[in-house]
$ cat work_27.cif   # mmCIF, C-alpha atoms and all ligand atoms
data_data
loop_
_atom_site.group_PDB
_atom_site.id
_atom_site.type_symbol
_atom_site.label_atom_id
_atom_site.label_comp_id
_atom_site.auth_asym_id
_atom_site.auth_seq_id
_atom_site.Cartn_x
_atom_site.Cartn_y
_atom_site.Cartn_z
ATOM 1 C CA MET M 799 -10.845 8.449 26.721
ATOM 2 C CA MET M 800 -10.544 7.967 22.941
ATOM 3 C CA LYS M 801 -11.174 4.453 21.678
ATOM 4 C CA ARG M 802 -7.964 2.883 20.321
ATOM 5 C CA LYS M 803 -8.456 2.093 16.640
ATOM 6 C CA VAL M 804 -7.763 -1.344 15.247
ATOM 7 C CA VAL M 805 -5.666 -1.378 12.084
ATOM 8 C CA LEU M 806 -4.710 -4.204 9.752
ATOM 9 C CA ILE M 807 -1.712 -3.580 7.482
ATOM 10 C CA THR M 808 -0.583 -5.909 4.702
ATOM 11 C CA GLY M 809 3.041 -6.474 3.671
ATOM 12 C CA CYS M 810 4.797 -5.595 6.945
ATOM 13 C CA SER M 811 7.981 -7.647 6.565
ATOM 14 C CA SER M 812 9.822 -4.588 5.222
ATOM 15 C CA GLY M 813 9.560 -1.081 3.823
ATOM 16 C CA LEU M 814 6.490 1.088 4.104
ATOM 17 C CA GLY M 815 4.363 -1.549 5.851
ATOM 18 C CA TYR M 816 7.042 -2.246 8.461
ATOM 19 C CA GLU M 817 7.533 1.451 9.269
ATOM 20 C CA THR M 818 3.802 2.167 9.307
ATOM 21 C CA ALA M 819 3.164 -0.706 11.724
ATOM 22 C CA LEU M 820 5.759 0.654 14.169
ATOM 23 C CA TRP M 821 4.658 4.261 13.822
ATOM 24 C CA LEU M 822 0.950 3.564 14.286
ATOM 25 C CA ALA M 823 1.682 1.328 17.289
ATOM 26 C CA GLU M 824 3.718 4.157 18.800
ATOM 27 C CA LYS M 825 0.790 6.465 18.238
ATOM 28 C CA GLY M 826 -1.562 4.193 20.206
ATOM 29 C CA TYR M 827 -3.268 2.192 17.451
ATOM 30 C CA ILE M 828 -3.928 -1.516 17.979
ATOM 31 C CA VAL M 829 -1.789 -2.810 15.117
ATOM 32 C CA TYR M 830 -2.139 -6.112 13.292
ATOM 33 C CA ALA M 831 0.948 -6.237 11.106
ATOM 34 C CA SER M 832 0.516 -8.966 8.536
ATOM 35 C CA MET M 833 3.060 -10.660 6.311
ATOM 36 C CA ARG M 834 2.890 -13.622 3.972
ATOM 37 C CA ASN M 835 6.006 -15.263 5.362
ATOM 38 C CA LEU M 836 6.163 -15.336 9.157
ATOM 39 C CA LYS M 837 9.825 -16.330 8.981
ATOM 40 C CA LYS M 838 10.441 -12.682 8.099
ATOM 41 C CA ASN M 839 8.973 -11.401 11.374
ATOM 42 C CA LYS M 840 12.252 -11.219 13.318
ATOM 43 C CA ARG M 841 13.087 -7.575 12.565
ATOM 44 C CA LEU M 842 9.614 -6.348 13.489
ATOM 45 C CA VAL M 843 9.487 -8.524 16.621
ATOM 46 C CA GLU M 844 12.858 -7.233 17.809
ATOM 47 C CA GLU M 845 12.206 -3.605 16.963
ATOM 48 C CA SER M 846 8.810 -3.577 18.644
ATOM 49 C CA LYS M 847 10.315 -5.231 21.731
ATOM 50 C CA GLN M 848 13.041 -2.614 21.845
ATOM 51 C CA ARG M 849 10.486 0.201 21.584
ATOM 52 C CA ASN M 850 8.174 -1.528 24.053
ATOM 53 C CA LEU M 851 5.332 -1.772 21.544
ATOM 54 C CA ASN M 852 2.714 -4.469 21.406
ATOM 55 C CA ILE M 853 2.282 -5.329 17.731
ATOM 56 C CA HIS M 854 0.269 -8.382 16.697
ATOM 57 C CA ILE M 855 1.999 -10.131 13.834
ATOM 58 C CA CYS M 856 -0.166 -12.361 11.678
ATOM 59 C CA GLU M 857 0.150 -14.383 8.508
ATOM 60 C CA LEU M 858 -1.602 -13.018 5.434
ATOM 61 C CA ASP M 859 -0.873 -13.530 1.770
ATOM 62 C CA VAL M 860 -3.031 -11.110 -0.206
ATOM 63 C CA CYS M 861 -3.318 -13.699 -2.996
ATOM 64 C CA ASN M 862 -4.557 -16.426 -0.651
ATOM 65 C CA ILE M 863 -8.156 -15.991 0.521
ATOM 66 C CA ASP M 864 -7.812 -18.583 3.327
ATOM 67 C CA THR M 865 -4.977 -16.659 4.975
ATOM 68 C CA ILE M 866 -6.962 -13.416 4.665
ATOM 69 C CA ASP M 867 -10.081 -14.970 6.209
ATOM 70 C CA ASN M 868 -8.065 -16.545 9.055
ATOM 71 C CA CYS M 869 -6.337 -13.296 9.834
ATOM 72 C CA VAL M 870 -9.506 -11.185 9.707
ATOM 73 C CA SER M 871 -11.568 -13.621 11.791
ATOM 74 C CA GLY M 872 -8.751 -13.741 14.372
ATOM 75 C CA ILE M 873 -8.831 -9.951 14.659
ATOM 76 C CA ILE M 874 -12.627 -9.888 14.938
ATOM 77 C CA GLU M 875 -12.491 -12.538 17.644
ATOM 78 C CA ASN M 876 -9.979 -10.500 19.652
ATOM 79 C CA GLU M 877 -11.134 -6.952 19.004
ATOM 80 C CA LYS M 878 -14.727 -7.298 17.701
ATOM 81 C CA ARG M 879 -13.944 -4.788 14.939
ATOM 82 C CA ILE M 880 -11.489 -3.579 12.316
ATOM 83 C CA ASP M 881 -11.404 0.195 11.914
ATOM 84 C CA ILE M 882 -8.673 0.581 9.326
ATOM 85 C CA LEU M 883 -7.232 -1.533 6.524
ATOM 86 C CA ILE M 884 -4.006 -0.458 4.839
ATOM 87 C CA ASN M 885 -3.609 -2.265 1.510
ATOM 88 C CA ASN M 886 0.151 -1.934 1.267
ATOM 89 C CA ALA M 887 1.525 -5.277 0.006
ATOM 90 C CA GLY M 888 3.017 -4.999 -3.446
ATOM 91 C CA PHE M 889 5.976 -5.544 -5.726
ATOM 92 C CA ALA M 890 7.134 -4.488 -9.168
ATOM 93 C CA VAL M 891 7.484 -6.438 -12.384
ATOM 94 C CA LEU M 892 10.188 -4.814 -14.463
ATOM 95 C CA GLY M 893 10.866 -5.149 -18.166
ATOM 96 C CA LYS M 894 9.823 -4.136 -21.632
ATOM 97 C CA PHE M 895 6.264 -4.956 -22.677
ATOM 98 C CA THR M 896 7.479 -6.738 -25.814
ATOM 99 C CA GLU M 897 9.508 -9.124 -23.638
ATOM 100 C CA SER M 898 6.684 -9.754 -21.191
ATOM 101 C CA THR M 899 3.840 -12.258 -21.222
ATOM 102 C CA ASN M 900 0.295 -11.975 -19.955
ATOM 103 C CA GLU M 901 1.423 -14.136 -17.042
ATOM 104 C CA ASP M 902 3.785 -11.354 -15.972
ATOM 105 C CA PHE M 903 0.821 -8.992 -15.925
ATOM 106 C CA GLU M 904 -1.400 -11.529 -14.169
ATOM 107 C CA ARG M 905 0.990 -12.075 -11.268
ATOM 108 C CA GLN M 906 1.497 -8.315 -10.988
ATOM 109 C CA PHE M 907 -2.253 -7.731 -10.862
ATOM 110 C CA ALA M 908 -2.815 -10.684 -8.508
ATOM 111 C CA THR M 909 -0.862 -8.927 -5.766
ATOM 112 C CA ASN M 910 -1.059 -5.194 -6.447
ATOM 113 C CA PHE M 911 -4.677 -5.061 -7.591
ATOM 114 C CA TYR M 912 -6.646 -8.203 -6.681
ATOM 115 C CA GLY M 913 -4.736 -8.427 -3.386
ATOM 116 C CA ALA M 914 -6.287 -5.123 -2.318
ATOM 117 C CA LEU M 915 -9.727 -6.266 -3.495
ATOM 118 C CA ASN M 916 -9.408 -9.546 -1.587
ATOM 119 C CA CYS M 917 -8.519 -7.854 1.697
ATOM 120 C CA SER M 918 -11.146 -5.151 1.286
ATOM 121 C CA ARG M 919 -13.878 -7.738 0.629
ATOM 122 C CA ALA M 920 -12.894 -9.483 3.872
ATOM 123 C CA VAL M 921 -13.051 -6.410 6.122
ATOM 124 C CA LEU M 922 -15.848 -4.397 4.513
ATOM 125 C CA PRO M 923 -18.791 -6.364 6.001
ATOM 126 C CA TYR M 924 -17.490 -5.544 9.505
ATOM 127 C CA MET M 925 -16.893 -1.893 8.633
ATOM 128 C CA ILE M 926 -20.369 -1.613 7.095
ATOM 129 C CA ASP M 927 -21.914 -3.146 10.247
ATOM 130 C CA ASN M 928 -20.043 -0.602 12.362
ATOM 131 C CA LYS M 929 -21.027 2.205 9.960
ATOM 132 C CA GLU M 930 -17.421 3.401 9.957
ATOM 133 C CA GLY M 931 -14.024 2.484 8.658
ATOM 134 C CA THR M 932 -11.133 3.606 6.516
ATOM 135 C CA ILE M 933 -9.316 1.770 3.755
ATOM 136 C CA ILE M 934 -6.017 3.226 2.618
ATOM 137 C CA ASN M 935 -4.801 1.942 -0.723
ATOM 138 C CA VAL M 936 -1.077 2.360 -1.222
ATOM 139 C CA SER M 937 -0.783 3.235 -4.884
ATOM 140 C CA SER M 938 2.127 5.182 -6.369
ATOM 141 C CA ILE M 939 2.886 8.213 -8.466
ATOM 142 C CA LEU M 940 3.247 5.457 -11.088
ATOM 143 C CA GLY M 941 -0.482 4.881 -10.668
ATOM 144 C CA LEU M 942 -1.020 8.296 -12.238
ATOM 145 C CA THR M 943 1.660 8.366 -14.886
ATOM 146 C CA GLY M 944 3.121 5.601 -17.031
ATOM 147 C CA ALA M 945 6.836 4.762 -17.125
ATOM 148 C CA GLY M 946 8.922 2.723 -19.568
ATOM 149 C CA THR M 947 9.826 -0.859 -18.495
ATOM 150 C CA LEU M 948 7.183 -0.641 -15.771
ATOM 151 C CA SER M 949 4.019 -1.183 -17.808
ATOM 152 C CA ALA M 950 2.793 -4.097 -15.657
ATOM 153 C CA TYR M 951 3.416 -2.205 -12.415
ATOM 154 C CA CYS M 952 1.886 1.038 -13.686
ATOM 155 C CA SER M 953 -1.170 -0.776 -15.078
ATOM 156 C CA SER M 954 -1.787 -2.526 -11.763
ATOM 157 C CA LYS M 955 -1.585 0.778 -9.889
ATOM 158 C CA PHE M 956 -3.763 2.592 -12.465
ATOM 159 C CA ALA M 957 -6.353 -0.148 -11.897
ATOM 160 C CA LEU M 958 -6.087 0.358 -8.135
ATOM 161 C CA GLU M 959 -6.740 4.065 -8.677
ATOM 162 C CA GLY M 960 -9.903 3.515 -10.729
ATOM 163 C CA TRP M 961 -11.294 0.911 -8.358
ATOM 164 C CA SER M 962 -10.510 3.027 -5.313
ATOM 165 C CA GLU M 963 -12.138 6.174 -6.714
ATOM 166 C CA SER M 964 -15.220 4.172 -7.704
ATOM 167 C CA ILE M 965 -15.836 2.370 -4.419
ATOM 168 C CA ARG M 966 -15.229 5.612 -2.554
ATOM 169 C CA CYS M 967 -18.474 6.908 -4.122
ATOM 170 C CA GLU M 968 -20.345 3.740 -3.137
ATOM 171 C CA LEU M 969 -19.100 3.507 0.429
ATOM 172 C CA LYS M 970 -19.186 7.136 1.531
ATOM 173 C CA LYS M 971 -22.883 6.816 2.393
ATOM 174 C CA LYS M 972 -22.042 3.868 4.634
ATOM 175 C CA GLY M 973 -19.520 5.901 6.666
ATOM 176 C CA ILE M 974 -16.449 4.368 5.048
ATOM 177 C CA ASN M 975 -13.531 6.398 3.718
ATOM 178 C CA ILE M 976 -11.524 5.075 0.805
ATOM 179 C CA VAL M 977 -8.247 6.899 0.385
ATOM 180 C CA LEU M 978 -5.380 6.591 -2.078
ATOM 181 C CA VAL M 979 -1.830 7.433 -1.130
ATOM 182 C CA GLU M 980 0.685 8.131 -3.876
ATOM 183 C CA PRO M 981 4.227 7.738 -2.603
ATOM 184 C CA GLY M 982 7.059 8.991 -4.784
ATOM 185 C CA PHE M 983 10.322 7.086 -4.414
ATOM 186 C CA PHE M 984 11.247 5.713 -0.997
ATOM 187 C CA ARG M 985 14.150 3.528 0.108
ATOM 188 C CA THR M 986 12.633 0.103 0.682
ATOM 189 C CA GLU M 987 13.157 -3.493 -0.400
ATOM 190 C CA ILE M 988 10.965 -2.955 -3.481
ATOM 191 C CA TYR M 989 14.087 -2.425 -5.583
ATOM 192 C CA ASN M 990 15.700 -5.669 -4.368
ATOM 193 C CA ASN M 991 12.424 -7.552 -4.746
ATOM 194 C CA VAL M 992 11.910 -6.554 -8.374
ATOM 195 C CA SER M 993 10.699 -9.409 -10.551
ATOM 196 C CA TYR M 994 11.967 -9.332 -14.142
ATOM 197 C CA VAL M 995 10.045 -10.210 -17.265
ATOM 198 C CA SER M 996 13.204 -11.146 -19.045
ATOM 199 C CA GLU M 997 16.013 -13.581 -18.277
ATOM 200 C CA ASN M 998 18.530 -10.928 -19.227
ATOM 201 C CA LYS M 999 18.390 -8.851 -16.068
ATOM 202 C CA LYS M 1000 21.424 -6.771 -16.940
ATOM 203 C CA GLN M 1001 19.628 -4.722 -19.537
ATOM 204 C CA TYR M 1002 17.536 -3.043 -16.860
ATOM 205 C CA SER M 1003 18.769 -1.271 -13.841
ATOM 206 C CA ILE M 1004 16.830 -0.052 -10.882
ATOM 207 C CA SER M 1005 18.471 1.103 -7.725
ATOM 208 C CA SER M 1006 17.243 1.831 -4.267
ATOM 209 C CA MET M 1007 16.522 5.525 -4.101
ATOM 210 C CA GLY M 1008 14.365 8.135 -2.477
ATOM 211 C CA GLY M 1009 13.377 9.273 0.958
ATOM 212 C CA SER M 1010 13.044 7.493 4.265
ATOM 213 C CA PRO M 1011 9.934 5.267 4.477
ATOM 214 C CA ILE M 1012 9.150 6.700 7.909
ATOM 215 C CA ARG M 1013 7.829 9.771 6.050
ATOM 216 C CA VAL M 1014 5.141 7.629 4.470
ATOM 217 C CA ALA M 1015 4.211 6.168 7.865
ATOM 218 C CA LYS M 1016 3.869 9.652 9.364
ATOM 219 C CA ARG M 1017 1.774 10.861 6.442
ATOM 220 C CA ILE M 1018 -0.561 7.891 6.738
ATOM 221 C CA GLU M 1019 -1.037 8.609 10.426
ATOM 222 C CA SER M 1020 -1.828 12.252 9.678
ATOM 223 C CA ILE M 1021 -4.418 11.147 7.088
ATOM 224 C CA LEU M 1022 -6.015 8.795 9.625
ATOM 225 C CA LYS M 1023 -6.565 11.741 11.970
ATOM 226 C CA LYS M 1024 -8.638 13.623 9.387
ATOM 227 C CA LYS M 1025 -12.423 13.604 9.749
ATOM 228 C CA ARG M 1026 -13.029 13.899 6.032
ATOM 229 C CA PRO M 1027 -9.946 12.646 4.198
ATOM 230 C CA ARG M 1028 -9.529 13.518 0.527
ATOM 231 C CA ARG M 1029 -9.566 10.791 -2.063
ATOM 232 C CA ARG M 1030 -5.837 11.055 -2.770
ATOM 233 C CA TYR M 1031 -2.654 12.243 -1.073
ATOM 234 C CA THR M 1032 0.766 12.513 -2.657
ATOM 235 C CA ILE M 1033 3.730 11.658 -0.431
ATOM 236 C CA GLY M 1034 7.111 13.213 -1.225
ATOM 237 C CA TYR M 1035 8.056 16.168 -3.438
ATOM 238 C CA ASP M 1036 8.639 13.946 -6.488
ATOM 239 C CA SER M 1037 5.099 12.639 -6.207
ATOM 240 C CA TYR M 1038 3.651 16.096 -5.570
ATOM 241 C CA PHE M 1039 5.349 17.638 -8.601
ATOM 242 C CA GLY M 1040 4.624 14.584 -10.744
ATOM 243 C CA CYS M 1041 0.966 14.884 -9.870
ATOM 244 C CA MET M 1042 0.872 18.643 -10.509
ATOM 245 C CA ILE M 1043 2.660 18.290 -13.855
ATOM 246 C CA LYS M 1044 0.276 15.555 -14.945
ATOM 247 C CA ARG M 1045 -2.721 17.637 -13.950
ATOM 248 C CA PHE M 1046 -1.749 21.076 -15.215
ATOM 249 C CA PHE M 1047 0.810 20.624 -18.008
ATOM 250 C CA PRO M 1048 0.492 19.229 -21.523
ATOM 251 C CA ASP M 1049 1.263 15.521 -21.934
ATOM 252 C CA PHE M 1050 4.529 16.069 -23.810
ATOM 253 C CA ILE M 1051 6.056 17.751 -20.744
ATOM 254 C CA SER M 1052 5.154 14.941 -18.339
ATOM 255 C CA GLU M 1053 6.370 12.389 -20.918
ATOM 256 C CA LYS M 1054 9.732 14.137 -21.148
ATOM 257 C CA LEU M 1055 10.106 14.223 -17.381
ATOM 258 C CA VAL M 1056 9.207 10.554 -16.925
ATOM 259 C CA LYS M 1057 11.796 9.614 -19.562
HETATM 260 N N1 LIG G 1 9.241 2.210 -2.185
HETATM 261 C C1 LIG G 1 8.742 3.010 -3.104
HETATM 262 O O1 LIG G 1 9.467 3.835 -3.692
HETATM 263 C C2 LIG G 1 7.270 2.953 -3.424
HETATM 264 C C3 LIG G 1 6.734 4.001 -4.178
HETATM 265 C C4 LIG G 1 5.390 3.983 -4.487
HETATM 266 C C5 LIG G 1 4.581 2.956 -4.057
HETATM 267 N N2 LIG G 1 5.126 1.938 -3.339
HETATM 268 C C6 LIG G 1 4.222 0.861 -2.903
HETATM 269 O O2 LIG G 1 4.370 0.664 -1.517
HETATM 270 C C7 LIG G 1 3.963 -0.645 -1.172
HETATM 271 C C8 LIG G 1 4.990 -1.271 -0.243
HETATM 272 O O3 LIG G 1 6.194 -1.454 -0.952
HETATM 273 P P1 LIG G 1 7.629 -1.167 -0.310
HETATM 274 O O4 LIG G 1 8.247 -0.072 -1.095
HETATM 275 O O5 LIG G 1 7.524 -1.046 1.145
HETATM 276 O O6 LIG G 1 8.405 -2.497 -0.759
HETATM 277 P P2 LIG G 1 8.958 -3.737 0.081
HETATM 278 O O7 LIG G 1 9.917 -3.262 1.105
HETATM 279 O O8 LIG G 1 9.428 -4.709 -0.940
HETATM 280 O O9 LIG G 1 7.663 -4.291 0.825
HETATM 281 C C9 LIG G 1 6.649 -4.945 0.131
HETATM 282 C C10 LIG G 1 5.892 -5.818 1.095
HETATM 283 O O10 LIG G 1 4.819 -6.439 0.385
HETATM 284 C C11 LIG G 1 4.866 -7.818 0.701
HETATM 285 N N3 LIG G 1 4.199 -8.657 -0.282
HETATM 286 C C12 LIG G 1 4.488 -8.879 -1.577
HETATM 287 N N4 LIG G 1 3.622 -9.754 -2.112
HETATM 288 C C13 LIG G 1 2.763 -10.097 -1.117
HETATM 289 C C14 LIG G 1 1.644 -10.959 -1.024
HETATM 290 N N5 LIG G 1 1.230 -11.695 -2.064
HETATM 291 N N6 LIG G 1 0.988 -11.045 0.158
HETATM 292 C C15 LIG G 1 1.389 -10.329 1.225
HETATM 293 N N7 LIG G 1 2.457 -9.525 1.213
HETATM 294 C C16 LIG G 1 3.128 -9.407 0.052
HETATM 295 C C17 LIG G 1 6.340 -8.138 0.837
HETATM 296 O O11 LIG G 1 6.488 -9.383 1.488
HETATM 297 P P3 LIG G 1 7.779 -10.334 1.251
HETATM 298 O O12 LIG G 1 8.841 -9.779 2.144
HETATM 299 O O13 LIG G 1 7.298 -11.678 1.664
HETATM 300 O O14 LIG G 1 8.131 -10.242 -0.204
HETATM 301 C C18 LIG G 1 6.752 -6.942 1.667
HETATM 302 O O15 LIG G 1 6.385 -7.126 3.012
HETATM 303 C C19 LIG G 1 3.788 -1.391 -2.496
HETATM 304 O O16 LIG G 1 2.415 -1.476 -2.810
HETATM 305 C C20 LIG G 1 4.501 -0.504 -3.493
HETATM 306 O O17 LIG G 1 3.986 -0.645 -4.792
HETATM 307 C C21 LIG G 1 6.450 1.904 -3.008
#

$ encode --input "work_27.cif" --output "structure tokens" --more "lines below"
Ligand SMILES: NC(=O)c1ccc[n+]([C@@H]2O[C@H](COP(=O)([O-])OP(=O)(O)OC[C@H]3O[C@@H](n4cnc5c(N)ncnc54)[C@H](OP(=O)(O)O)[C@@H]3O)[C@@H](O)[C@H]2O)c1
Amino acid sequence: MMKRKVVLITGCSSGLGYETALWLAEKGYIVYASMRNLKKNKRLVEESKQRNLNIHICELDVCNIDTIDNCVSGIIENEKRIDILINNAGFAVLGKFTESTNEDFERQFATNFYGALNCSRAVLPYMIDNKEGTIINVSSILGLTGAGTLSAYCSSKFALEGWSESIRCELKKKGINIVLVEPGFFRTEIYNNVSYVSENKKQYSISSMGGSPIRVAKRIESILKKKRPRRRYTIGYDSYFGCMIKRFFPDFISEKLVK
């Protein structure tokens, strides 16, 4: 019988993390669905009960090392290993660069970039000991192409891309896969959770759009089944075409499309 893999996912109170936790649990993974605010666990608790799934919900704020260490040591105590980490937690700072401060960038990077580093540092020693493991970094098509009023968000995801590609080279020899996923636009709470750089919110608009987040969950599961996953996977047609245009077309075309 195949060993059930142990997976830790960050940011499971809503959106892509929530759907991925449910989908992987349905597919037989031992799922540790983490969230920074356990008061938001009700939906996941009820849904997993309804589907008869056993999901472990734990507290983890990717910006708080103590919560990460507590969560990871709890998993190690129970399971003796962590096979997969999905660095999913994130949010978007929205607004023009000229109206932003470095603090806006710092809080964006603290979660979207350093949050992934923090969690990876906590699980990697166990993965290296086991000589296997997979870390999936949830980036974005906006980690490959810039977009107006999203400079903080795009920068944080570009940083995630560079870090992820680099450590992939280092960790391959140790049996660890580092994989980037690049979702296009998916209907999640990210649009409601936007954090503005400016007091005048009305000058920017961002609305919930895109495909169902379950598609991302299914794609992640299909990546986890691969023996030798690639370094990056687009998710959604918008992401696929965005990626192709960036790679094969002159810059002025991708700039026009992003506009
Ligand atoms: N939806 C899209 O169109 C899209 C496209 C490309 C990439 N992405 C990426 O997908 C990931 C998930 O976003 P989503 O779309 O699913 O948005 P979401 O529904 O807003 O979910 C984001 C999750 O991250 C959590 N989070 C935020 N800061 C955190 C922290 N410091 N520690 C732990 N958890 C934290 C949120 O928790 P709270 O509920 O406590 O805030 C929430 O659970 C993000 O990295 C995002 O950049 C999304």

$ resolve_selection --input "work_27.cif" --expression "the PyMOL selection byres (((chain M and resi 877) around 12) and not hetatm)" --output "list in words"
Lys801, Arg802, Lys803, Val804, Val805, Leu806, Ile828, Val829, Tyr830, His854, Val870, Ser871, Gly872, Ile873, Ile874, Glu875, Asn876, Lys878, Arg879, Ile880, Asp881 and Tyr924 of chain M

$ write_last_selection --input "work_27.cif" --atoms "C-alpha atoms" --output "PDB file, in the coordinates of the input"
ATOM      1  CA  LYS M 801     -11.174   4.453  21.678  1.00  0.00           C
ATOM      2  CA  ARG M 802      -7.964   2.883  20.321  1.00  0.00           C
ATOM      3  CA  LYS M 803      -8.456   2.093  16.640  1.00  0.00           C
ATOM      4  CA  VAL M 804      -7.763  -1.344  15.247  1.00  0.00           C
ATOM      5  CA  VAL M 805      -5.666  -1.378  12.084  1.00  0.00           C
ATOM      6  CA  LEU M 806      -4.710  -4.204   9.752  1.00  0.00           C
ATOM      7  CA  ILE M 828      -3.928  -1.516  17.979  1.00  0.00           C
ATOM      8  CA  VAL M 829      -1.789  -2.810  15.117  1.00  0.00           C
ATOM      9  CA  TYR M 830      -2.139  -6.112  13.292  1.00  0.00           C
ATOM     10  CA  HIS M 854       0.269  -8.382  16.697  1.00  0.00           C
ATOM     11  CA  VAL M 870      -9.506 -11.185   9.707  1.00  0.00           C
ATOM     12  CA  SER M 871     -11.568 -13.621  11.791  1.00  0.00           C
ATOM     13  CA  GLY M 872      -8.751 -13.741  14.372  1.00  0.00           C
ATOM     14  CA  ILE M 873      -8.831  -9.951  14.659  1.00  0.00           C
ATOM     15  CA  ILE M 874     -12.627  -9.888  14.938  1.00  0.00           C
ATOM     16  CA  GLU M 875     -12.491 -12.538  17.644  1.00  0.00           C
ATOM     17  CA  ASN M 876      -9.979 -10.500  19.652  1.00  0.00           C
ATOM     18  CA  LYS M 878     -14.727  -7.298  17.701  1.00  0.00           C
ATOM     19  CA  ARG M 879     -13.944  -4.788  14.939  1.00  0.00           C
ATOM     20  CA  ILE M 880     -11.489  -3.579  12.316  1.00  0.00           C
ATOM     21  CA  ASP M 881     -11.404   0.195  11.914  1.00  0.00           C
ATOM     22  CA  TYR M 924     -17.490  -5.544   9.505  1.00  0.00           C
TER      23      TYR M 924
END

$ closest_residue --input "work_27.cif" --among "M:Leu851, M:Leu942, M:Ile988, M:Val995" --to "ligand LIG 1 (chain G)" --atoms "all atoms listed in the file"
M:Ile988

$ closest_atom_pairs --input "work_27.cif" --of "chain M" --to "ligand LIG 1 (chain G)" --cutoff "8 Å" --atoms "all atoms listed in the file" --output "Markdown table"
| residue | atom | partner | partner_atom | distance |
| --- | --- | --- | --- | --- |
| M:Thr808 | CA | G:LIG1 | N7 | 5.9 |
| M:Gly809 | CA | G:LIG1 | O15 | 3.5 |
| M:Cys810 | CA | G:LIG1 | O15 | 4.5 |
| M:Ser811 | CA | G:LIG1 | O15 | 3.9 |
| M:Ser812 | CA | G:LIG1 | O7 | 4.3 |
| M:Gly813 | CA | G:LIG1 | O5 | 3.4 |
| M:Leu814 | CA | G:LIG1 | O5 | 3.8 |
| M:Gly815 | CA | G:LIG1 | O5 | 5.7 |
| M:Tyr816 | CA | G:LIG1 | O15 | 7.3 |
| M:Ser832 | CA | G:LIG1 | C15 | 7.5 |
| M:Met833 | CA | G:LIG1 | N7 | 5.3 |
| M:Arg834 | CA | G:LIG1 | C15 | 4.5 |
| M:Asn835 | CA | G:LIG1 | O13 | 5.3 |
| M:Lys838 | CA | G:LIG1 | O12 | 6.8 |
| M:Leu858 | CA | G:LIG1 | C15 | 5.8 |
| M:Asp859 | CA | G:LIG1 | N6 | 3.5 |
| M:Val860 | CA | G:LIG1 | N6 | 4.0 |
| M:Cys861 | CA | G:LIG1 | N5 | 5.1 |
| M:Asn862 | CA | G:LIG1 | N5 | 7.6 |
| M:Asn885 | CA | G:LIG1 | O16 | 7.5 |
| M:Asn886 | CA | G:LIG1 | O16 | 4.7 |
| M:Ala887 | CA | G:LIG1 | O10 | 3.5 |
| M:Gly888 | CA | G:LIG1 | O16 | 3.6 |
| M:Phe889 | CA | G:LIG1 | O17 | 5.4 |
| M:Ala890 | CA | G:LIG1 | O17 | 6.6 |
| M:Ala908 | CA | G:LIG1 | N5 | 7.7 |
| M:Thr909 | CA | G:LIG1 | N5 | 5.1 |
| M:Asn910 | CA | G:LIG1 | O16 | 6.3 |
| M:Gly913 | CA | G:LIG1 | N5 | 6.9 |
| M:Val936 | CA | G:LIG1 | O16 | 5.4 |
| M:Ser937 | CA | G:LIG1 | C5 | 5.4 |
| M:Ser938 | CA | G:LIG1 | C4 | 4.0 |
| M:Ile939 | CA | G:LIG1 | C4 | 6.3 |
| M:Leu940 | CA | G:LIG1 | C4 | 7.1 |
| M:Tyr951 | CA | G:LIG1 | O17 | 7.8 |
| M:Lys955 | CA | G:LIG1 | O17 | 7.7 |
| M:Glu980 | CA | G:LIG1 | C4 | 6.3 |
| M:Pro981 | CA | G:LIG1 | C4 | 4.4 |
| M:Gly982 | CA | G:LIG1 | C3 | 5.0 |
| M:Phe983 | CA | G:LIG1 | O1 | 3.4 |
| M:Phe984 | CA | G:LIG1 | O1 | 3.7 |
| M:Arg985 | CA | G:LIG1 | N1 | 5.6 |
| M:Thr986 | CA | G:LIG1 | O7 | 4.3 |
| M:Glu987 | CA | G:LIG1 | O7 | 3.6 |
| M:Ile988 | CA | G:LIG1 | O8 | 3.4 |
| M:Tyr989 | CA | G:LIG1 | O8 | 7.0 |
| M:Asn990 | CA | G:LIG1 | O8 | 7.2 |
| M:Asn991 | CA | G:LIG1 | O8 | 5.6 |
| M:Met1007 | CA | G:LIG1 | O1 | 7.3 |
| M:Gly1008 | CA | G:LIG1 | O1 | 6.6 |
| M:Pro1011 | CA | G:LIG1 | N1 | 7.4 |

$ resolve_selection --input "work_27.cif" --expression "the PyMOL selection byres (((chain M and resi 1018) around 12) and not hetatm)" --output "PyMOL selection string"
chain M and resi 805+807+814-815+817-819+821-822+825+882-886+932-936+977-981+1011-1017+1019-1024+1027+1030-1033

$ resolve_selection --input "work_27.cif" --expression "the PyMOL selection byres (((chain M and resi 960) around 12) and not hetatm)" --output "list of chain:residue names"
M:Phe911, M:Asn935, M:Ser937, M:Gly941, M:Leu942, M:Ser953, M:Ser954, M:Lys955, M:Phe956, M:Ala957, M:Leu958, M:Glu959, M:Trp961, M:Ser962, M:Glu963, M:Ser964, M:Ile965, M:Arg966, M:Cys967, M:Ile976, M:Val977, M:Leu978, M:Arg1029, M:Arg1030

$ atom_distance --input "work_27.cif" --atom1 "atom CA of Lys847 of chain M" --atom2 "atom CA of Val921 of chain M"
28.1 Å

$ closest_residue --input "work_27.cif" --among "M:Thr899, M:Thr865, M:Ser1010, M:Thr947" --to "Cys917 of chain M" --atoms "all atoms listed in the file"
M:Thr865

$ atom_distance --input "work_27.cif" --atom1 "atom CA of Pro923 of chain M" --atom2 "atom CA of Asp864 of chain M"
16.6 Å

$ atom_distance --input "work_27.cif" --atom1 "atom CA of Gly931 of chain M" --atom2 "atom CA of Lys972 of chain M"
9.1 Å

$ closest_residue --input "work_27.cif" --among "M:Asn975, M:Ser918, M:Gln848, M:Ser996" --to "Lys1025 of chain M" --atoms "only C-alpha atoms"
M:Asn975
